[in-house]
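Trainee: Take a look at the following structure, please.
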Number of protein chains: 4
Amino acid sequence: MSVEVIAVGGYEEVGKNMTAIKIGEDIVIFDMGIHLDRLHIHEDTNIERMHSLDLIERGVIPDDTLMKDVDGKVRAIVFTHGHLDHIGAVAKLAHRYEAPLIATPYTMALIEKTIKGERKFKFTNPLKVLNSGENCQISKDITLEFVHTTHSIPQAVTPVLHTSAGIIVYSNDFKFDNHQTLSPPPDYQRFRELGRKGVLAAIIDTTRAAEKDQVKTHSEKIARIVLKDIMEEPLKEDNGMLVTTFASHIERIQAICNIAADSNRKILLLGRSMERYCTMAETMGILKLPENTSVYGSPKAINRALARADENRGEYILVTTGHQGEPDALLPRIANGKTMFNVQQGDNIVISAPVIPNPLNRANRNLMERRLKSSGARIFTNAHVSGHAGREDHRDFIRMLNANHLIPAHGNLEMLTAYAELAEEEGYKLGRDIHLLRNGQAQVFDGPTTGKP
Amino acid sequence: MSVEVIAVGGYEEVGKNMTAIKIGEDIVIFDMGIHLDRLHIHEDTNIERMHSLDLIERGVIPDDTLMKDVDGKVRAIVFTHGHLDHIGAVAKLAHRYEAPLIATPYTMALIEKTIKGERKFKFTNPLKVLNSGENCQISKDITLEFVHTTHSIPQAVTPVLHTSAGIIVYSNDFKFDNHQTLSPPPDYQRFRELGRKGVLAAIIDTTRAAEKDQVKTHSEKIARIVLKDIMEEPLKEDNGMLVTTFASHIERIQAICNIAADSNRKILLLGRSMERYCTMAETMGILKLPENTSVYGSPKAINRALARADENRGEYILVTTGHQGEPDALLPRIANGKTMFNVQQGDNIVISAPVIPNPLNRANRNLMERRLKSSGARIFTNAHVSGHAGREDHRDFIRMLNANHLIPAHGNLEMLTAYAELAEEEGYKLGRDIHLLRNGQAQVFDGPTTGKP
Amino acid sequence: MSVEVIAVGGYEEVGKNMTAIKIGEDIVIFDMGIHLDRLHIHEDTNIERMHSLDLIERGVIPDDTLMKDVDGKVRAIVFTHGHLDHIGAVAKLAHRYEAPLIATPYTMALIEKTIKGERKFKFTNPLKVLNSGENCQISKDITLEFVHTTHSIPQAVTPVLHTSAGIIVYSNDFKFDNHQTLSPPPDYQRFRELGRKGVLAAIIDTTRAAEKDQVKTHSEKIARIVLKDIMEEPLKEDNGMLVTTFASHIERIQAICNIAADSNRKILLLGRSMERYCTMAETMGILKLPENTSVYGSPKAINRALARADENRGEYILVTTGHQGEPDALLPRIANGKTMFNVQQGDNIVISAPVIPNPLNRANRNLMERRLKSSGARIFTNAHVSGHAGREDHRDFIRMLNANHLIPAHGNLEMLTAYAELAEEEGYKLGRDIHLLRNGQAQVFDGPTTGKP
Amino acid sequence: MSVEVIAVGGYEEVGKNMTAIKIGEDIVIFDMGIHLDRLHIHEDTNIERMHSLDLIERGVIPDDTLMKDVDGKVRAIVFTHGHLDHIGAVAKLAHRYEAPLIATPYTMALIEKTIKGERKFKFTNPLKVLNSGENCQISKDITLEFVHTTHSIPQAVTPVLHTSAGIIVYSNDFKFDNHQTLSPPPDYQRFRELGRKGVLAAIIDTTRAAEKDQVKTHSEKIARIVLKDIMEEPLKEDNGMLVTTFASHIERIQAICNIAADSNRKILLLGRSMERYCTMAETMGILKLPENTSVYGSPKAINRALARADENRGEYILVTTGHQGEPDALLPRIANGKTMFNVQQGDNIVISAPVIPNPLNRANRNLMERRLKSSGARIFTNAHVSGHAGREDHRDFIRMLNANHLIPAHGNLEMLTAYAELAEEEGYKLGRDIHLLRNGQAQVFDGPTTGKP
């Protein structure tokens, strides 16, 4: 039986992931994400009110119109984790397929939120929760398994398809972190078992593959140490303390809250998406907020909280959105003097996030930092570790899976080919058993697995 | 008699140049510029309606309040050339001094325009035009000489003060270009004569001193060749042709017009500042516009012209503002679909300007270019040569002037010190005869000149 | 009839170019170059005395062992120009094929030199000179045409195969220079004609395709202007003047000599390869050396000339090898005090070459420049323009040829894919009509040409 | 009483540190280091056999000839720690002064080694050991205190002079590391006390001040975690494991040994300087080597050990010199096939050191890594944290010391001025209370301390 990997989105960019796997007559779709970077080109893009075809034309969501020419039946739409570049287009695209959505509980809760916000489309797809470590039958020939992995959001998994044509692994996104507090390490043993059984093809995210350093990505444990070394002393003093990080990065927010809890300060989690992700994570028992923590998402509540913090800045620690300096997010608005909290001499700002490298973010971050400093704040940057596998993690994964074929995904051409070069160091060859796909292209494999050539 | 060089502005940034020289009881001020980069921090800055003290606090104009503690009489305010970082604060600051403004004709015409736009202050300073190569007596002891130099705007000069304490040279800004069409080469012979007579101190702009390449800055002749090689073939075809460059760079605009004149296309010079600088330059006989050229500065006239060009794009060449992608300038507005001219497949865009390197410009340019390309345009970048001396031009100048003391100016600390290191290669020593000043600091020299130690 | 493009070498590196084209049963080989960069890994590599299989294993020459599995007869071995990465392996590989070598006169003269230096192999291949603009019948079905192009060595051509399966263009290397003095502009008209006839496949060198600037490569005319602006004044003084550039870059050496001839100085062309290339070029009437020029290649003659120049440095201009700082070349040896010429205060060094960007060259150049400067020399760098097409030249070429298929060559994966992305902007698609090959891989096309899809 | 800070060496480079402090008639010298980077320019430099004046001329050691013009008596020569850029010139310079050498025990042991290797000079200076936290009277007016700090070598101190003119702090080099295993954290409390008492002037090393990231330098704890995450799994397998790091970095070597001790492998510490530093550190009870550890420094012993390791590579872990790829050090020699240990497929190489950024190191490292990889080794780089204060550590230190005057040291002009800009953010002003000195210049302060202006 032949297997076809169809690159729908994410093969020419970091964003809008979507891959379809066709095994015989059955199709499984992985991820339906958006490409946020494309929104800036068209100023008038209002995602929630726009039709999918318009969004496709603008490059914001994957162009799945090619799916109508694929002969087969979609059996499931499977999601790896809850980041927007993996689930953000679900409300625009999923309703067209008569197939259940499958995800881990936290990812599914985020998908439900996204669907509720949708104004254009209705939909009726069944929602099926699957935990990491569990299997589920998708069609007569296909069993889906969720192998536990680690990333920068809770409950990330690497879905695996067991078929008569062989095993297919879809690993997008992941890092190998042995020291997270909310998650056990990745299930290396299972990956090795799959490798021994025989993996026909693996689709792998390449976000950091083009970084030349021959390193394994730093663990969250290192972020915890760095944050503690930065925050501990200033928390003892009377100045303001603001921390900003990814709202979805619950592991990081937990670490920040734990450090804060050792001081006597009250914790304020502030911002619309901060409330969205943290409340959900707390409700589901993933995030343990210290007692003196409040979470505010509405503009009014945020401003009231900020006014209180402004008057007694030594009693609070503010955890906010806005790490990229996005003009409408909270920290940039504070920096620009548009809130009730006035940054002043001695305040400490910890940016627990990198600059996501594009010119707009660089400009926004630069402007925000200059404003904060001109108000007298002290800024700590780079209190962060990546959520994506480094070059040497990829090498370890290649060795574990020992796949017949590798398909680099989730990157621009530079990233995909950097991964290909790494794989060539491990004995693969581009064009033979590493396959570069452009969005819209497909690669066919003949199973069953007969061992790596 | 002692000489004091007072660093008012431009010694910590590229922008807001202002230097005062005190010779005995007489003071001569050089330049009064603005620092455009600072406007972005405070969004509500409206220069024309704001008081100078507010602008000083925001870092937009030089902080000349220190001048009230300087014991002496300002005898003249002298301008080197018409760029805004040299004349832009004249309307905010000059009226406080009972002293004439002195500049070359084109520079003076631009100063007058600036004064006319001012809403806050009135002023009555006499305006005195001095041509390059001419002298004028400023006080009993001081004669001002304008030595001809080259830059990226017409009629740039290097003012020189002849005093009983020695010769002081203020060279800010300049390049050494032997092949401009609207200007003869710099007056090297005069610089060498001054060097032989004995220069006490030279204040030198360092904008490009931190660039490590051991080069002389390319001549405008090279920009002419590059532009011709780029434009010649596309002008023969039927697609649109848009060129953007600095509105004040009359030499460059002349080159572009000359290339265009060899085709049959009509030339449109478009944009508010394009009209301002070009009309003035044409009126004064500096710029020779080909017959089929029109200049439009008002939004209405621009849009009418754009509508005509849109319908017959093969018959026009558009020379516009907006080379940095500034959202309100013309080319970015065209790119964003906000004008009557629709960029389409096959159109050619020539950006005859560098990205002035700060994060905001990089973001704006990136966005503009992505928009233009997504409309199908072809872009040519870097069709440009710098207007500032390169490392080896500076070395030549140091050797010509053979000054007792060097004061690097017009740069951040990195640029000033890069210049200092260059001067040390030529036998000077930082702290001995190279002097680093911060805005607000002064350096005293004892004349008369006794030859370089 | 099917056409197969076999990537033998140069598809994973800048170096060791070799491509075989199989049309039916006939094979044409293009280029047999070496990869100099690989020599540094194995310190004991002596090319002239080593067997080809050892050199293949070390990655120094193309691995043509795969050719024995290609079913067909090699009809010709065709060379594009005389650089070592295109002809350097001829003595190691060509003798195995019963086929004539075909090249332009200057290229052929360099090939003959290479063959004479060989110690390991004998060979008997016929040598056939073909001028640019001429054709020759290679087999019943194949006609070879040499289309004139420009590069950084005389008599570079773009070979074209006319076959019943369509036209195949092999363009490796080239730039588009309309202002060389020893060569007319490329034959754009012929390229456009070929494009109209229908090009089945074009193999294109991508050396500079990864540079993001949207530019056409600067003409040699610009190097001439820059060199003149640098050299003119110092030549009038009494200090030493040393210029270093590529020995094979006859156009550049001509320009340097012409500038020198306007002074009264004697010209010394010094270094083994300087003598090799220049003497040959002069003998063939390509290079016109001014009367007061001497060329020395042997160590003894060089040292005698250097001793004379050292005593009367104001009367000479030295044009030497060693622009990369290679320890055994002349300028680095002068810098290191190992010759009779002592660099002293005031001497001028013009490096008319870029640093070819690898860590070893950077270290060697850095060391050489520091030594020269510590002896008091003034250095001018970057007096150079590239010999390879820029991004916008490639775009022009793609439009001219309008090929059905594009095969990027002569680059690492980053360069090949950068070219692919450029081609995608022009309507091609990677994997459909742009083909990435690794060394040893092949791509089959079915002719005849039916127009671009 | 006036205080004069005399910049002898290290104020224009990273290297050859030496500073003299004159208080009244008494002089204290801090550090006598070498500048290794300068050796490469003059190939024939043999330090041990050369006279100090020759070494001074070549820029290898500080030019202390200016000291003969300083009116006063040298009372002590004080060393901060045992790196060569701080102690390496002691044998060339110290004998000229009738003054004791003062250092911590480990530093003094290294100084004694250096003196023993000297071939040119004899010397008789008394050696006085002082522990961190202790004081000693240097002259009637001066008491020396050693305040404990942390760096990348054991027993680093920040010497402090207590004088009637005020307190002078000489902090060169340091990082703020709270998690070292062989050293307690820096004595922050004492620094704060000194700040409250009133520090007249502080001389501070600026090695990393030009790095823009607003960070505190990572702790060694992070290196320990990273090394363990890298090494743990491969140590379980049967392949070779080689680690290279700074021989003087005993803290790091301890960490590597501890990780290795958890496996069953024998540890080999190999290389001349590895033996020198580790044996001494072990003898003094600083380094605790696991039982199965051997240390070899002689070529013969090393090669015997390598031969054993080559045959049973799974039983050993090799800790070697050569992290910069220096051709004569051990790891590069192994990479180049010049030892009895043959790198083979599957071997793991951990480089626990950065590339010290200069072109020569980059070339050497690149060559070494390419050789290792071509033999089949896997390389892990950047398993390292810096030993120098980051930008935000410097800010903390400035706030602790609250010095009247700051003198940036141990850096090139870019680093010194980057520090100056940081200090300006904290309220200082260059030229007023931050002082840039060039080698050979001095700055005079009038004490006693009257509090920061």
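Every chain in the structure tokens takes a letter, A first, then B, and so on in the order presented; its residues are numbered from 1, and the ligands are numbered from 1 following the presented order.
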So that I can see what lies close to Val226 in chain B, please list as a list of chain:residue names the residues with an atom at most 9 Å from it, counting only C-alpha atoms and leaving out residues fewer than 5 positions away in the same chain.
Mentor: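 Counting only C-alpha atoms, the residues come to B:Lys221, B:Met231, B:Ala383, B:His384, C:Lys216, C:His218, C:Ser219, C:Ile222.
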Trainee: For the selection you just gave me, I'd like the residues written to a file as a tab-separated table (two decimals), in the first residue's frame, keeping N, CA and C atoms.
Mentor:
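Okay, this is what ended up in out04.tsv:
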```
chain	number	residue	atom	x	y	z
B	221	LYS	N	29.70	59.49	-9.51
B	221	LYS	CA	29.86	58.94	-10.86
B	221	LYS	C	29.47	57.46	-10.88
B	231	MET	N	18.54	51.10	-15.23
B	231	MET	CA	17.32	51.70	-15.78
B	231	MET	C	17.20	51.60	-17.31
B	383	ALA	N	21.12	51.22	-5.20
B	383	ALA	CA	21.63	52.02	-6.29
B	383	ALA	C	22.04	53.36	-5.70
B	384	HIS	N	23.13	53.34	-4.96
B	384	HIS	CA	23.45	54.46	-4.08
B	384	HIS	C	24.93	54.50	-3.75
C	216	LYS	N	22.25	44.36	-9.69
C	216	LYS	CA	23.06	43.82	-10.78
C	216	LYS	C	24.52	44.01	-10.37
C	218	HIS	N	28.21	45.02	-10.19
C	218	HIS	CA	28.90	46.20	-10.71
C	218	HIS	C	29.86	45.84	-11.84
C	219	SER	N	29.94	46.74	-12.78
C	219	SER	CA	30.82	46.55	-13.93
C	219	SER	C	32.28	46.80	-13.54
C	222	ILE	N	33.52	50.27	-12.86
C	222	ILE	CA	33.51	50.82	-11.51
C	222	ILE	C	34.82	50.51	-10.80
```
Trainee: For the interface of chain C with chain A (cut-off 9 Å, counting only C-alpha atoms), please tabulate each contacting residue of chain C alongside its nearest pair of atoms and their separation in Å to one decimal, rows sorted by chain and increasing number, as CSV.
Mentor:
```
residue,atom,partner,partner_atom,distance
C:Leu413,CA,A:Thr417,CA,7.0
C:Glu414,CA,A:Glu414,CA,6.7
C:Thr417,CA,A:Leu413,CA,7.0
C:Ala418,CA,A:Glu414,CA,8.2
C:Glu421,CA,A:Leu413,CA,8.2
C:Lys429,CA,A:Arg438,CA,8.2
C:Leu430,CA,A:Arg438,CA,7.2
C:Gly431,CA,A:Leu437,CA,7.7
C:Leu436,CA,A:Gly431,CA,8.1
C:Leu437,CA,A:Gly431,CA,7.7
C:Arg438,CA,A:Leu430,CA,7.2
C:Gln441,CA,A:Gly431,CA,8.5
```
Trainee: Generate a file of the selected residues that holds C-alpha atoms, formatted as a PDB file, in the first residue's frame.
Mentor:
```
ATOM      1  CA  LEU C 413      22.904  24.034  -0.827  1.00  0.00           C
ATOM      2  CA  GLU C 414      22.266  27.544   0.491  1.00  0.00           C
ATOM      3  CA  THR C 417      18.185  27.061  -2.971  1.00  0.00           C
ATOM      4  CA  ALA C 418      18.542  30.834  -2.966  1.00  0.00           C
ATOM      5  CA  GLU C 421      13.660  30.902  -4.584  1.00  0.00           C
ATOM      6  CA  LYS C 429       8.588  25.755  -8.915  1.00  0.00           C
ATOM      7  CA  LEU C 430      11.175  23.726  -7.063  1.00  0.00           C
ATOM      8  CA  GLY C 431      10.717  20.016  -7.754  1.00  0.00           C
ATOM      9  CA  LEU C 436      18.194  20.489  -6.953  1.00  0.00           C
ATOM     10  CA  LEU C 437      20.895  17.934  -7.572  1.00  0.00           C
ATOM     11  CA  ARG C 438      23.525  16.651  -5.183  1.00  0.00           C
ATOM     12  CA  GLN C 441      22.629  12.614  -8.851  1.00  0.00           C
TER      13      GLN C 441
END
```
Trainee: What lies within 12 Å of Lys140 in chain D using only C-alpha atoms, ignoring chain neighbours under 2 positions off, as a JSON list (two decimals) with C-alpha atoms, in the first residue's frame?
Mentor:
```json
[["chain", "number", "residue", "atom", "x", "y", "z"],
["D", 23, "ILE", "CA", 49.15, 57.44, 46.58],
["D", 24, "GLY", "CA", 51.40, 60.20, 47.76],
["D", 25, "GLU", "CA", 54.87, 58.75, 47.40],
["D", 26, "ASP", "CA", 53.78, 55.13, 47.50],
["D", 75, "ARG", "CA", 55.54, 49.08, 47.72],
["D", 136, "CYS", "CA", 47.86, 43.47, 54.86],
["D", 137, "GLN", "CA", 49.67, 46.71, 55.53],
["D", 138, "ILE", "CA", 51.62, 47.85, 52.50],
["D", 142, "ILE", "CA", 48.05, 51.94, 52.63],
["D", 143, "THR", "CA", 46.28, 48.76, 53.60],
["D", 144, "LEU", "CA", 45.58, 46.12, 51.00],
["D", 162, "HIS", "CA", 42.47, 51.63, 51.91],
["D", 163, "THR", "CA", 44.28, 54.96, 52.01],
["D", 164, "SER", "CA", 43.91, 58.33, 53.62]]
```
Trainee: Would you give me, as a VMD selection string, the residues in range 229-311 of chain D that DSSP reads as strand (DSSP E or B)?
Mentor: chain D and resid 241 to 244 266 to 270 293 to 296
Trainee: For Pro359 in chain B, work out the shell of residues within 12 Å, counting only C-alpha atoms and skipping chain neighbours fewer than 3 positions away, then give it as a VMD selection string.
Mentor: (chain A and resid 357 to 368 370) or (chain B and resid 37 40 324 355 to 356 362 to 366)
Trainee: I need the residues from that last selection saved to file as a PDB file, in the first residue's frame (with C-alpha atoms), if you can.
Mentor:
```pdb
ATOM      1  CA  PRO A 357      13.423  37.586  14.408  1.00  0.00           C
ATOM      2  CA  ASN A 358      11.663  39.698  11.869  1.00  0.00           C
ATOM      3  CA  PRO A 359      12.073  43.411  11.176  1.00  0.00           C
ATOM      4  CA  LEU A 360       8.728  44.408  12.636  1.00  0.00           C
ATOM      5  CA  ASN A 361       9.353  42.717  15.968  1.00  0.00           C
ATOM      6  CA  ARG A 362      12.814  44.208  16.116  1.00  0.00           C
ATOM      7  CA  ALA A 363      11.391  47.687  15.590  1.00  0.00           C
ATOM      8  CA  ASN A 364       8.602  47.200  18.117  1.00  0.00           C
ATOM      9  CA  ARG A 365      10.891  45.750  20.761  1.00  0.00           C
ATOM     10  CA  ASN A 366      13.456  48.468  20.223  1.00  0.00           C
ATOM     11  CA  LEU A 367      10.860  51.169  20.604  1.00  0.00           C
ATOM     12  CA  MET A 368       9.385  49.575  23.727  1.00  0.00           C
ATOM     13  CA  ARG A 370      13.828  52.694  24.570  1.00  0.00           C
TER      14      ARG A 370
ATOM     15  CA  ASP B  37      15.073  59.604  15.319  1.00  0.00           C
ATOM     16  CA  HIS B  40       9.369  58.203  17.421  1.00  0.00           C
ATOM     17  CA  GLN B 324      12.894  54.518   3.945  1.00  0.00           C
ATOM     18  CA  VAL B 355      18.346  51.721   4.586  1.00  0.00           C
ATOM     19  CA  ILE B 356      19.369  54.263   7.207  1.00  0.00           C
ATOM     20  CA  ARG B 362      14.355  48.320   8.575  1.00  0.00           C
ATOM     21  CA  ALA B 363      10.799  47.355   9.463  1.00  0.00           C
ATOM     22  CA  ASN B 364       9.262  50.029   7.246  1.00  0.00           C
ATOM     23  CA  ARG B 365      11.461  49.195   4.278  1.00  0.00           C
ATOM     24  CA  ASN B 366      10.857  45.491   4.684  1.00  0.00           C
TER      25      ASN B 366
END
```
Trainee: Measure the distance from CA of Leu53 in chain B to CA of Ala76 in chain B in Å and round it to one decimal.
Mentor: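 Interatomic distance here is 22.1 Å.
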Trainee: I'd like the neighbourhood of Ser298 in chain A as a CSV table (one decimal) with C-alpha atoms, in the first residue's frame, where a residue qualifies if any of its atoms comes within 7 Å (using only C-alpha atoms), though same-chain residues fewer than 3 positions away should be ignored.
Mentor:
```csv
chain,number,residue,atom,x,y,z
A,272,ARG,CA,-6.3,39.1,27.4
A,301,ALA,CA,-9.9,45.0,35.3
A,302,ILE,CA,-6.4,45.4,34.1
```
Trainee: Running DSSP on the backbone, which parts of range 209-258 of chain C land in alpha helix (DSSP H), as a PyMOL selection string?
Mentor: chain C and resi 220-236+250-258
Trainee: May I have the residues within 12 Å of Ala255 in chain C as a PyMOL selection string, using only C-alpha atoms and disregarding those fewer than 4 positions away in the same chain?
Mentor: chain C and resi 180-182+220-228+231+243+245+249-251+259-262+287-290+319+352+383-384
Trainee: Which residue is closest to Glu233 in chain A? Choose from D:Ser2, D:Ser152, D:Ile253, D:Tyr188 and count only C-alpha atoms.
Mentor: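 Residue with the minimum atom-to-atom distance to Glu233 in chain A: D:Tyr188.
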Trainee: If we count only C-alpha atoms, what is near Val60 in chain B at a cut-off of 6 Å, once residues fewer than 2 positions away on the same chain are taken out, given as a ChimeraX atom specification?
Mentor: /B:34-35,38,55-56,58
